[in-house]
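Structure record follows, encoded as structure tokens.
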Amino acid sequence: MHLAILGQIYKCIIHQIRNSTLYVSYKDLKKVTADLKPIYKAPSEEASQLELDRFEET
């Protein structure tokens, strides 16, 4: 994969996580961010959905 594409994907993940935490209190930010990372880093849509289901359970 071309490095420029990897950079765009990485930035996209960072922005997705940042936007997902806009309404999270500061004291919970580290925990929520750690819990969101597997969702956005999942290798496939199915894996991402499994991680999202896990996140919703907690």
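Ordering of the structure tokens sets the chain letters (A, B, ...), residue numbers begin anew at 1 in every chain, and ligands are numbered from 1 in the order given.
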Could you name the residues that touch A:Val32 at 12 Å or less, counting only C-alpha atoms, but leaving out those on the same chain fewer than 2 positions away, as a PyMOL selection string? chain A and resi 17-18+20-30+34-39+55-56+58
Would you output that residue set with C-alpha atoms, as a compact mmCIF listing (two decimals), in the first residue's frame?
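Output (again_12.txt):
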```txt
# COMPACT_ATOMS: atom_id res chain seq x y z
CA ILE A 17 -11.76 8.75 17.38
CA ARG A 18 -11.47 12.47 18.16
CA SER A 20 -16.33 10.14 18.77
CA THR A 21 -15.07 11.61 22.04
CA LEU A 22 -16.46 15.13 21.74
CA TYR A 23 -19.06 14.53 24.45
CA VAL A 24 -16.99 12.32 26.76
CA SER A 25 -15.94 13.82 30.07
CA TYR A 26 -12.21 14.40 30.48
CA LYS A 27 -11.91 11.90 33.33
CA ASP A 28 -13.27 9.11 31.07
CA LEU A 29 -11.41 10.13 27.91
CA LYS A 30 -8.46 7.70 28.14
CA ALA A 34 -8.72 2.89 24.34
CA ASP A 35 -12.06 1.12 23.94
CA LEU A 36 -12.75 2.80 20.57
CA LYS A 37 -9.41 1.99 18.95
CA PRO A 38 -10.21 -1.69 18.17
CA ILE A 39 -13.37 -0.60 16.35
CA PHE A 55 -18.03 -1.62 23.09
CA GLU A 56 -21.81 -1.26 23.45
CA THR A 58 -19.50 -2.13 28.37
```
Would you return as an MDAnalysis selection string the members of chain A that DSSP assigns to alpha helix (DSSP H) on this structure's backbone? chainID A and resid 3:20 29:41 45:57
